[in-house]
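For reference, the structure is listed below as structure tokens.
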Amino acid sequence: MNGEPPIVEIRNLSKSYRRGSQIVPVLNEITFDIGEVEFLALMGPSGSGKTTLLNLIAGIDRVDRGTIKVEGIDITSLSEVELAQWRATHVGFIFQFYNLIPVLTAFENVELPLHLTGLSRSERMDHVEMALRLVNLSHRMDHYPKELSGGEQQRVAIARAMITDPTILVADEPTGDLDKLSAEEILDLMERLNSELKKTIIMVTHDPRAAKRAKVLRHLDKGVLNNVLSQNPL
Amino acid sequence: MFFLKILFRNAFRNKLRTCLTILGMTIAILAFGLLRTFINAWYAGVEASSATRLVTRNAVSIVFPLPISYKDKISQIDGVKLVSHGTWFAGVYIDEKNFFPNFAIEPKTYLELYPEFVLPPDQKEAFLKDRKGFVAGRKLISRFGWKIGDIVTLKGLIFFGNWDFVLRGIYRGKDETTDETQFFFHWDYLNEGLKKRGHTWADQVGFYMIGVTQPEVATKVSLAIDDQFKNSLAETLTETEKAFQQGFIAMSGAIFTAIQIVSFVVIIIIMAVVANTMSMTTRERIGEYAILKTLGFRGVHIAGLIFGESLVITMMGCLLGILLLFPAAKIFRAELGNYFPVFNVERETLFFNLVASSVVAFVAAILPTRRAIQIRIADGLRRIG
């Protein structure tokens, strides 16, 4: 982390779910930091708590115990409304199934988060055009998601994630629904975002090829983070 | 603008379901509007009644007469400006199915008291001069194709025999609430005939219409009139014209209540249909709402989308229903004009249609919105894929 303060600080994080009358622990006393401009891959078997951890860091789920600080803000103490505002400005999301809104064009999907900002229409257009150029999809901006390939949809999703210039990008199995070629394109793009645009990326993946692109690799197993926190050995 | 675009695109994602819901809404609004118009048509006489007119009838029942001698006595009561009288004739033109209201009146005072019946001056003069003359509304004239000077014979059901009349005038209503299907002729002509036949209704009238100087004295004048004839052979009951009309309507009170209930049941049924559509819609899009929440949109935005979509669907149905209401009312008017001379779609009905549609949209969206807002983002995202 080059001696710089971490961008994400996680301390004693625990989370469990209620399944009927049973309480199922998912994460148990997790503590670790994520440095600025880090490209972190979280791996682990199904049910190990990777996505839950990602959701907690991204502020879309609540912790049972512990704290998460992002850029010094303790997001576990924020109200729902504050958390929504925080997500809008600090987190960019990339999902396995792209999660674009089907009735909106590529342009409108990318523009969507900007409706929560005070930007004018022309400013929004400039931002969206720039983001679509970044993912090399300017020529497809008027197409609806169903008219785009999986790889193109994911690139639109990345443009949407980047449009508000967030502090962190979280990606949940970003290549999980893509063919090999499209997956490579997406990973190339994410690498560029990390190296050229200095974006901190936290990625959950099962795919060793995707994990290989990350700078740091962490393993989760049964809700416990492995102590081996070395640079990516892959 | 952006949200409006999403609302419309969302509304038509499942075109068949949305079109069927809009069709249901259209039919419901059409039915609701027609039923309200029907009720208004029934109340048209009440609405058209004047606050400065009273009606005096026999205290026992409207079917019993009052002596003509009461007219002068009523005229002398303080607050009375003008007195006229009318008698239900119950004449039949050729066949009973050709029903229309026909009255024997005192022409001069009657036309003065009812300025809503507008007659050209020359026709009015001709009518006043001719004891066998009659005037009729233009709708009645066009129904039977009568022309000025035509002789029309009515067969009396109460006052037996054939009675000939000469058409001297065609009146039109001052506004669209005025009944243009009535037939008025000289009471003198009727009375003369009754006297010749020694009929018990000779020198008797059905009811008096009394114009008062101002609405505030109506109650005082009513009491004074009834006091005047207390303990006489024909005691009177005087009430405002509105109350008199309402008395007739009250006889059909149960039918009215049933119609009112049916009109609201129609709205409740369509409310359930729209609620079902919105429930299905929301269930299908729960993942998308989770995505919006993930991006920072809040409950109020999600609620706006669901309520907005519900409003788009119901309002499209409502507007179509309102558009169809006018031709439908025209057809009803043509078919039932003999019984409901005033069958107009009123502004109030349109307003009720809009309010009912808004209520349907609002109520139908409550539960789906609650569900969409309350679902955890992580649970919503799990529904995708």
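Convention: chains lettered A, B, ... in structure tokens order; per-chain residue numbering from 1; ligands numbered from 1 as shown.
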(message) I'd like the neighbourhood of range 24-38 of chain A as a ChimeraX atom specification, where a residue qualifies if any of its atoms comes within 8 Å (using only C-alpha atoms), though same-chain residues fewer than 4 positions away should be ignored.
(response) /A:1,4-19,47-49,52-53,66,194-195,198-202,215-216,222-225
(message) Could you tell me which residues of chain A sit within 9 Å of chain B when counting only C-alpha atoms, and give me the result as JSON, numbers by chain?
(response) {"A": [52, 55, 58, 59, 60, 61, 80, 81, 83, 84, 85, 86, 87, 88, 89, 91, 92, 93, 96, 97, 99, 100, 101, 103, 104, 108, 112, 113, 115, 116, 161]}
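Backbone DSSP over range 59-224 of chain A gives strand (DSSP E) for A:Arg65, A:Gly66, A:Thr67, A:Ile68, A:Lys69, A:Val70, A:Ile73, A:Asp74, A:Val91, A:Gly92, A:Phe93, A:Ile94, A:Ile168, A:Leu169, A:Val170, A:Ala171, A:Asp172, A:Thr200, A:Ile201, A:Ile202, A:Met203, A:Val204, A:Val216, A:Leu217, A:Arg218, A:His219, A:Leu220, A:Asp221, A:Val224.
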Selected residues, C-alpha atoms, written as a compact mmCIF listing (two decimals), in the first residue's frame, please.
```
# COMPACT_ATOMS: atom_id res chain seq x y z
CA ARG A 65 -21.00 -6.06 13.98
CA GLY A 66 -17.86 -4.19 13.07
CA THR A 67 -17.08 -1.12 11.01
CA ILE A 68 -16.32 -0.27 7.41
CA LYS A 69 -14.68 3.02 6.63
CA VAL A 70 -14.34 4.26 3.08
CA ILE A 73 -16.41 7.69 6.38
CA ASP A 74 -17.88 5.00 8.60
CA VAL A 91 -19.42 3.45 -5.58
CA GLY A 92 -19.61 2.15 -9.12
CA PHE A 93 -21.25 -1.25 -9.59
CA ILE A 94 -20.51 -3.93 -12.17
CA ILE A 168 -14.33 2.49 -5.61
CA LEU A 169 -15.57 0.12 -8.29
CA VAL A 170 -17.12 -3.11 -7.08
CA ALA A 171 -17.55 -5.97 -9.50
CA ASP A 172 -19.42 -9.17 -8.74
CA THR A 200 -9.70 1.13 -6.81
CA ILE A 201 -11.41 -2.08 -7.87
CA ILE A 202 -12.81 -4.82 -5.67
CA MET A 203 -13.80 -7.86 -7.69
CA VAL A 204 -15.46 -11.07 -6.62
CA VAL A 216 -4.00 -8.48 -4.80
CA LEU A 217 -5.77 -11.76 -4.22
CA ARG A 218 -7.64 -12.73 -1.06
CA HIS A 219 -9.39 -15.96 -0.27
CA LEU A 220 -12.50 -16.29 1.80
CA ASP A 221 -13.53 -19.61 3.23
CA VAL A 224 -13.04 -16.25 7.35
```
(request) DSSP on the backbone, then: every residue of range 173-214 of chain A marked alpha helix (DSSP H), written as a list in words. (result) Lys180, Leu181, Ser182, Ala183, Glu184, Glu185, Ile186, Leu187, Asp188, Leu189, Met190, Glu191, Arg192, Leu193, Asn194, Ser195, Pro208, Arg209, Ala210, Ala211, Lys212 and Arg213 of chain A
Sorted by chain and rising residue number, list the residues of range 110-139 of chain A at most 7 Å from range 145-160 of chain A (counting only C-alpha atoms), each with its closest atom pair and distance in Å to one decimal, as a tab-separated table.
```
residue	atom	partner	partner_atom	distance
A:Val110	CA	A:Arg160	CA	4.1
A:Ala131	CA	A:Ala159	CA	5.2
A:Leu132	CA	A:Ala159	CA	6.0
A:Val135	CA	A:Arg155	CA	5.8
```
